[in-house]
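Asker: Once you've had a glance at the structure underneath, I'll fire off some questions.
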Amino acid sequence: MATSTPAPGPDQRPGDGGGELHAQALSVSRQDRAALLGQTPRVLWLTGLSGAGKSTIANAVCERLHRQGRISYLLDGDHLRGGLSRDLGFSEADRKEQIRRVAEVARLMVDAGLIVLTALISPFRADRALARDRFAPGEFLEVFVDVPLAVAEARDPKRLYAKARAGTLASFTGIGSRYEPPTTPELHLRTDEETVDVCVARVLALLDRPPTAGR
Ligand code: ADP
């Protein structure tokens with residue numbers, strides 16, 4: 001274990017606790033856990049339209065990492081809405097809260113030493129920026145899973161575009177609600193031009209790049 005002062009844990013950063021909470025200094029640091037697992041914890045934040053390929057790519061990346069002996073975890077928006085975010089809908093405020101919660105869970109998991117993938121539409125730039133702010137520089141990797149709306153709509157794997165066009169699904173991203181594309185993502189995938197395998201390889205290459213302090 002490290003003999004130096006333990007690095008701050010996820011809830012020991014300035015601004016947390018309002019000065020009234022006195023957190024126990026922890027003897028096992030995030031560096032200790034990462035060293036034990038032999039990996040560099042990061043979050044890969046996949047953003048894009050419904051049907052762009054976020055879940056498909058994230059799942060395949062997790063599978064590859066697992067086979068390589070690296071511990072990862074996928075936080076998939078559709079799954080989380082059955083539990084952690086069961087009380088949330090799709091208003092702008094609820095989407096913001098969904099992203100806040102997922103960012104906090106991802107932060108804990110990164111602190112635990114895991115490689116975390118999130119698969120959420122996360123349509124608004126400001127919300128993604130807030131999520132990024134919760135991580136150390138170089139730890140948050142934004143992956144834009146890009147596809148033209150017409151292609152996503154033609155795929156419609158969950159039949160959600162059909163419902164949105166029929167007017168039975170309000171505030172659906174791309175139809176009744178806007179999607180703000182990232183301006184400077186760490187990685188830009190075009191799933192109408194690149195196969196799943198190519199996209200997965202590019203995500204893995206990004207992960208294996210040495211962490212950079214900034215963008
Ligand atoms: P999302 O999670 O972004 O809503 P999904 O992964 O659930 O999207 O669905 C994407 C659909 O597009 C899947 O049926 C997948 O097989 C298909 N697809 C076709 N080409 C690609 C690609 N290059 N990358 C990812 N998915 C693709």
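Quick note on naming: the chains in the structure tokens go A, B, ... in the order shown, residues restart at 1 in each chain, and ligands are numbered from 1 in order of appearance.
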Give the residues close to ligand 1, within 10 Å, counting only C-alpha atoms and all ligand atoms; write them as a PyMOL selection string.

Answerer: chain A and resi 46-60+76-78+118-121+145-147+151-158+160+189-200

Asker: Write out as a PyMOL selection string the set of residues from range 60-210 of chain A that DSSP, computed on the backbone, places in strand (DSSP E).

Answerer: chain A and resi 72-76+115-119+140-146+187-190

Asker: Residues at most 8 Å from Ile175 in chain A, counting only C-alpha atoms, excluding those fewer than 6 positions away in the same chain, as a PyMOL selection string?

Answerer: chain A and resi 161+164-165

Asker: Taking the DSSP secondary structure from the backbone, can you list the residues of range 130-215 of chain A that are alpha helix (DSSP H), as a PyMOL selection string?

Answerer: chain A and resi 130-133+149-155+160-165+196-208

Asker: Generate the output file for the selected residues, C-alpha atoms, as a compact mmCIF listing (two decimals), in the first residue's frame.

Answerer:
# COMPACT_ATOMS: atom_id res chain seq x y z
CA LEU A 130 -20.87 18.65 -15.76
CA ALA A 131 -20.19 14.92 -15.88
CA ARG A 132 -16.66 15.55 -17.22
CA ASP A 133 -16.02 18.02 -14.38
CA LEU A 149 -30.76 10.56 -37.81
CA ALA A 150 -32.21 8.87 -40.92
CA VAL A 151 -29.94 5.85 -40.41
CA ALA A 152 -30.74 5.58 -36.70
CA GLU A 153 -34.41 5.85 -37.54
CA ALA A 154 -34.16 3.16 -40.22
CA ARG A 155 -32.44 0.84 -37.71
CA LEU A 160 -38.87 4.00 -30.44
CA TYR A 161 -38.63 6.20 -33.56
CA ALA A 162 -41.81 4.63 -34.85
CA LYS A 163 -43.56 5.50 -31.59
CA ALA A 164 -42.14 9.04 -31.61
CA ARG A 165 -43.31 9.58 -35.21
CA VAL A 196 -18.83 -2.60 -35.11
CA ASP A 197 -15.40 -4.29 -35.09
CA VAL A 198 -13.66 -1.15 -36.31
CA CYS A 199 -15.49 0.99 -33.75
CA VAL A 200 -14.54 -1.43 -30.95
CA ALA A 201 -10.89 -1.42 -32.06
CA ARG A 202 -10.84 2.37 -32.06
CA VAL A 203 -12.31 2.53 -28.54
CA LEU A 204 -9.73 0.01 -27.29
CA ALA A 205 -6.94 2.04 -28.92
CA LEU A 206 -8.21 5.16 -27.19
CA LEU A 207 -8.18 3.36 -23.86
CA ASP A 208 -4.61 2.22 -24.40

Asker: Quick one: which range 64-124 of chain A residues come within 12 Å of range 22-41 of chain A, and what is the nearest atom pair for each with the distance in Å to one decimal, counting only C-alpha atoms, rows ordered by chain and ascending number, as a Markdown table?

Answerer:
| residue | atom | partner | partner_atom | distance |
| --- | --- | --- | --- | --- |
| A:Leu65 | CA | A:Gln39 | CA | 10.7 |
| A:Gln68 | CA | A:Gln39 | CA | 11.0 |
| A:Gly69 | CA | A:Leu37 | CA | 9.2 |
| A:Arg70 | CA | A:Gln39 | CA | 6.9 |
| A:Ile71 | CA | A:Leu37 | CA | 7.7 |
| A:Ser72 | CA | A:Pro41 | CA | 8.8 |
| A:Tyr73 | CA | A:Pro41 | CA | 10.9 |
| A:Ala106 | CA | A:Pro41 | CA | 10.3 |
| A:Arg107 | CA | A:Pro41 | CA | 9.9 |
| A:Leu108 | CA | A:Arg30 | CA | 10.1 |
| A:Met109 | CA | A:Pro41 | CA | 8.4 |
| A:Val110 | CA | A:Pro41 | CA | 5.3 |
| A:Asp111 | CA | A:Arg30 | CA | 5.4 |
| A:Ala112 | CA | A:Arg30 | CA | 6.4 |
| A:Gly113 | CA | A:Ala34 | CA | 4.7 |
| A:Leu114 | CA | A:Pro41 | CA | 5.1 |
| A:Ile115 | CA | A:Pro41 | CA | 4.8 |
| A:Val116 | CA | A:Pro41 | CA | 7.5 |
| A:Leu117 | CA | A:Pro41 | CA | 10.7 |

Asker: Measuring between only C-alpha atoms, which one of A:Phe124, A:Gly167, A:Arg159, A:Leu141 shows the shortest distance to Glu180 in chain A?

Answerer: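 Smallest separation from Glu180 in chain A among the options: A:Phe124.
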
Asker: Pick out the closest residue to Ala103 in chain A from this set: A:Arg67, A:Arg86, A:His79, A:Arg42. Count only C-alpha atoms.

Answerer: A:Arg42

Asker: Quick one: everything within 9 Å of Leu84 in chain A, counting only C-alpha atoms, minus sequence neighbours fewer than 4 positions away in the same chain. Send it as an MDAnalysis selection string.

Answerer: chainID A and resid 79:80 98 101:102

Asker: Please produce a file of the residues just selected, as a PDB file, in the first residue's frame, where the atoms kept are all heavy atoms.

Answerer:
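Saved the output as part.pdb:
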ATOM      1  N   HIS A  79     -30.944   0.118 -18.823  1.00  0.00           N
ATOM      2  CA  HIS A  79     -30.975  -0.739 -17.629  1.00  0.00           C
ATOM      3  C   HIS A  79     -31.156   0.112 -16.370  1.00  0.00           C
ATOM      4  O   HIS A  79     -31.924  -0.243 -15.475  1.00  0.00           O
ATOM      5  CB  HIS A  79     -29.681  -1.547 -17.494  1.00  0.00           C
ATOM      6  CG  HIS A  79     -29.497  -2.532 -18.614  1.00  0.00           C
ATOM      7  ND1 HIS A  79     -28.371  -3.296 -18.768  1.00  0.00           N
ATOM      8  CD2 HIS A  79     -30.303  -2.863 -19.643  1.00  0.00           C
ATOM      9  CE1 HIS A  79     -28.484  -4.065 -19.836  1.00  0.00           C
ATOM     10  NE2 HIS A  79     -29.651  -3.812 -20.389  1.00  0.00           N
ATOM     11  N   LEU A  80     -30.457   1.240 -16.318  1.00  0.00           N
ATOM     12  CA  LEU A  80     -30.486   2.067 -15.107  1.00  0.00           C
ATOM     13  C   LEU A  80     -31.870   2.651 -14.860  1.00  0.00           C
ATOM     14  O   LEU A  80     -32.260   2.889 -13.724  1.00  0.00           O
ATOM     15  CB  LEU A  80     -29.463   3.198 -15.225  1.00  0.00           C
ATOM     16  CG  LEU A  80     -28.011   2.732 -15.347  1.00  0.00           C
ATOM     17  CD1 LEU A  80     -27.092   3.899 -15.656  1.00  0.00           C
ATOM     18  CD2 LEU A  80     -27.562   2.034 -14.077  1.00  0.00           C
ATOM     19  N   GLN A  98     -30.451  12.268 -14.436  1.00  0.00           N
ATOM     20  CA  GLN A  98     -29.979  10.926 -14.829  1.00  0.00           C
ATOM     21  C   GLN A  98     -28.476  10.968 -15.072  1.00  0.00           C
ATOM     22  O   GLN A  98     -27.722  10.117 -14.605  1.00  0.00           O
ATOM     23  CB  GLN A  98     -30.754  10.467 -16.084  1.00  0.00           C
ATOM     24  CG  GLN A  98     -30.052   9.475 -16.987  1.00  0.00           C
ATOM     25  CD  GLN A  98     -30.301   8.020 -16.614  1.00  0.00           C
ATOM     26  OE1 GLN A  98     -30.529   7.716 -15.449  1.00  0.00           O
ATOM     27  NE2 GLN A  98     -30.241   7.134 -17.579  1.00  0.00           N
ATOM     28  N   ARG A 101     -26.499  11.403 -11.790  1.00  0.00           N
ATOM     29  CA  ARG A 101     -26.412  10.151 -11.026  1.00  0.00           C
ATOM     30  C   ARG A 101     -25.416   9.189 -11.649  1.00  0.00           C
ATOM     31  O   ARG A 101     -24.603   8.584 -10.962  1.00  0.00           O
ATOM     32  CB  ARG A 101     -27.790   9.470 -10.946  1.00  0.00           C
ATOM     33  CG  ARG A 101     -28.764  10.209 -10.076  1.00  0.00           C
ATOM     34  CD  ARG A 101     -30.089   9.468  -9.994  1.00  0.00           C
ATOM     35  NE  ARG A 101     -31.127  10.332  -9.445  1.00  0.00           N
ATOM     36  CZ  ARG A 101     -32.387   9.981  -9.287  1.00  0.00           C
ATOM     37  NH1 ARG A 101     -32.787   8.772  -9.649  1.00  0.00           N
ATOM     38  NH2 ARG A 101     -33.256  10.815  -8.778  1.00  0.00           N
ATOM     39  N   VAL A 102     -25.507   9.044 -12.960  1.00  0.00           N
ATOM     40  CA  VAL A 102     -24.611   8.094 -13.628  1.00  0.00           C
ATOM     41  C   VAL A 102     -23.160   8.557 -13.489  1.00  0.00           C
ATOM     42  O   VAL A 102     -22.261   7.741 -13.255  1.00  0.00           O
ATOM     43  CB  VAL A 102     -25.011   7.905 -15.113  1.00  0.00           C
ATOM     44  CG1 VAL A 102     -23.996   7.042 -15.847  1.00  0.00           C
ATOM     45  CG2 VAL A 102     -26.396   7.286 -15.206  1.00  0.00           C
TER      46      VAL A 102
END

Asker: Quick one: distance from CA of Pro185 in chain A to CA of Arg128 in chain A in Å, one decimal?

Answerer: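 Calculated distance between CA of Pro185 in chain A and CA of Arg128 in chain A is 10.7 Å.
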
Asker: Point out the residue among A:Gly82, A:Leu75, A:Glu92, A:Glu63 with the least atom-to-atom distance to Phe172 in chain A, counting only C-alpha atoms.

Answerer: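 Between A:Gly82, A:Leu75, A:Glu92, A:Glu63, the residue approaching Phe172 in chain A most closely is A:Glu92.
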
Asker: If we count only C-alpha atoms, what is near Glu142 in chain A at a cut-off of 7 Å, once residues fewer than 2 positions away on the same chain are taken out, given as a PDB file with all heavy atoms, in the first residue's frame?

Answerer:
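Printed below is result02.pdb as written:
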ATOM      1  N   LEU A  44     -15.359   5.787 -20.156  1.00  0.00           N
ATOM      2  CA  LEU A  44     -15.624   6.025 -21.582  1.00  0.00           C
ATOM      3  C   LEU A  44     -17.089   6.425 -21.668  1.00  0.00           C
ATOM      4  O   LEU A  44     -17.975   5.603 -21.401  1.00  0.00           O
ATOM      5  CB  LEU A  44     -15.387   4.738 -22.374  1.00  0.00           C
ATOM      6  CG  LEU A  44     -13.927   4.297 -22.488  1.00  0.00           C
ATOM      7  CD1 LEU A  44     -13.854   2.810 -22.798  1.00  0.00           C
ATOM      8  CD2 LEU A  44     -13.208   5.096 -23.566  1.00  0.00           C
ATOM      9  N   TRP A  45     -17.321   7.685 -21.988  1.00  0.00           N
ATOM     10  CA  TRP A  45     -18.690   8.205 -21.969  1.00  0.00           C
ATOM     11  C   TRP A  45     -19.225   8.205 -23.402  1.00  0.00           C
ATOM     12  O   TRP A  45     -18.889   9.070 -24.210  1.00  0.00           O
ATOM     13  CB  TRP A  45     -18.704   9.616 -21.357  1.00  0.00           C
ATOM     14  CG  TRP A  45     -20.072  10.127 -21.062  1.00  0.00           C
ATOM     15  CD1 TRP A  45     -20.951  10.660 -21.948  1.00  0.00           C
ATOM     16  CD2 TRP A  45     -20.725  10.138 -19.778  1.00  0.00           C
ATOM     17  NE1 TRP A  45     -22.129  11.008 -21.293  1.00  0.00           N
ATOM     18  CE2 TRP A  45     -22.002  10.710 -19.974  1.00  0.00           C
ATOM     19  CE3 TRP A  45     -20.351   9.736 -18.501  1.00  0.00           C
ATOM     20  CZ2 TRP A  45     -22.911  10.886 -18.924  1.00  0.00           C
ATOM     21  CZ3 TRP A  45     -21.253   9.911 -17.456  1.00  0.00           C
ATOM     22  CH2 TRP A  45     -22.520  10.480 -17.672  1.00  0.00           C
ATOM     23  N   LEU A  46     -20.051   7.199 -23.732  1.00  0.00           N
ATOM     24  CA  LEU A  46     -20.584   7.096 -25.096  1.00  0.00           C
ATOM     25  C   LEU A  46     -21.858   7.915 -25.196  1.00  0.00           C
ATOM     26  O   LEU A  46     -22.793   7.721 -24.405  1.00  0.00           O
ATOM     27  CB  LEU A  46     -20.870   5.630 -25.449  1.00  0.00           C
ATOM     28  CG  LEU A  46     -19.672   4.801 -25.958  1.00  0.00           C
ATOM     29  CD1 LEU A  46     -18.584   4.674 -24.907  1.00  0.00           C
ATOM     30  CD2 LEU A  46     -20.134   3.426 -26.389  1.00  0.00           C
ATOM     31  N   PHE A 140     -11.809  11.163 -18.125  1.00  0.00           N
ATOM     32  CA  PHE A 140     -13.132  11.131 -18.778  1.00  0.00           C
ATOM     33  C   PHE A 140     -12.919  11.198 -20.281  1.00  0.00           C
ATOM     34  O   PHE A 140     -12.385  12.183 -20.806  1.00  0.00           O
ATOM     35  CB  PHE A 140     -13.945  12.334 -18.297  1.00  0.00           C
ATOM     36  CG  PHE A 140     -15.333  12.451 -18.858  1.00  0.00           C
ATOM     37  CD1 PHE A 140     -16.432  12.026 -18.126  1.00  0.00           C
ATOM     38  CD2 PHE A 140     -15.553  13.025 -20.111  1.00  0.00           C
ATOM     39  CE1 PHE A 140     -17.728  12.167 -18.638  1.00  0.00           C
ATOM     40  CE2 PHE A 140     -16.837  13.158 -20.629  1.00  0.00           C
ATOM     41  CZ  PHE A 140     -17.928  12.729 -19.874  1.00  0.00           C
ATOM     42  N   PHE A 144     -18.121  10.037 -29.165  1.00  0.00           N
ATOM     43  CA  PHE A 144     -19.312  10.420 -29.926  1.00  0.00           C
ATOM     44  C   PHE A 144     -19.648   9.285 -30.891  1.00  0.00           C
ATOM     45  O   PHE A 144     -18.902   9.014 -31.838  1.00  0.00           O
ATOM     46  CB  PHE A 144     -19.030  11.730 -30.670  1.00  0.00           C
ATOM     47  CG  PHE A 144     -20.180  12.249 -31.498  1.00  0.00           C
ATOM     48  CD1 PHE A 144     -21.505  11.876 -31.246  1.00  0.00           C
ATOM     49  CD2 PHE A 144     -19.935  13.146 -32.538  1.00  0.00           C
ATOM     50  CE1 PHE A 144     -22.556  12.375 -32.005  1.00  0.00           C
ATOM     51  CE2 PHE A 144     -20.976  13.644 -33.309  1.00  0.00           C
ATOM     52  CZ  PHE A 144     -22.285  13.256 -33.041  1.00  0.00           C
ATOM     53  N   PRO A 185     -14.919  15.738 -28.939  1.00  0.00           N
ATOM     54  CA  PRO A 185     -14.876  14.447 -28.226  1.00  0.00           C
ATOM     55  C   PRO A 185     -13.473  13.844 -28.333  1.00  0.00           C
ATOM     56  O   PRO A 185     -12.743  14.159 -29.269  1.00  0.00           O
ATOM     57  CB  PRO A 185     -15.888  13.595 -28.995  1.00  0.00           C
ATOM     58  CG  PRO A 185     -15.856  14.149 -30.386  1.00  0.00           C
ATOM     59  CD  PRO A 185     -15.608  15.634 -30.243  1.00  0.00           C
ATOM     60  N   GLU A 186     -13.134  12.984 -27.388  1.00  0.00           N
ATOM     61  CA  GLU A 186     -11.850  12.285 -27.481  1.00  0.00           C
ATOM     62  C   GLU A 186     -11.856  11.307 -28.662  1.00  0.00           C
ATOM     63  O   GLU A 186     -10.814  10.989 -29.212  1.00  0.00           O
ATOM     64  CB  GLU A 186     -11.547  11.529 -26.180  1.00  0.00           C
ATOM     65  CG  GLU A 186     -10.851  12.366 -25.110  1.00  0.00           C
ATOM     66  CD  GLU A 186     -11.777  13.341 -24.392  1.00  0.00           C
ATOM     67  OE1 GLU A 186     -13.013  13.256 -24.596  1.00  0.00           O
ATOM     68  OE2 GLU A 186     -11.276  14.205 -23.655  1.00  0.00           O
ATOM     69  N   LEU A 187     -13.053  10.838 -29.031  1.00  0.00           N
ATOM     70  CA  LEU A 187     -13.160   9.900 -30.158  1.00  0.00           C
ATOM     71  C   LEU A 187     -14.493  10.127 -30.875  1.00  0.00           C
ATOM     72  O   LEU A 187     -15.524  10.299 -30.220  1.00  0.00           O
ATOM     73  CB  LEU A 187     -13.081   8.458 -29.632  1.00  0.00           C
ATOM     74  CG  LEU A 187     -13.043   7.342 -30.670  1.00  0.00           C
ATOM     75  CD1 LEU A 187     -11.798   7.440 -31.544  1.00  0.00           C
ATOM     76  CD2 LEU A 187     -13.074   5.978 -29.986  1.00  0.00           C
TER      77      LEU A 187
END
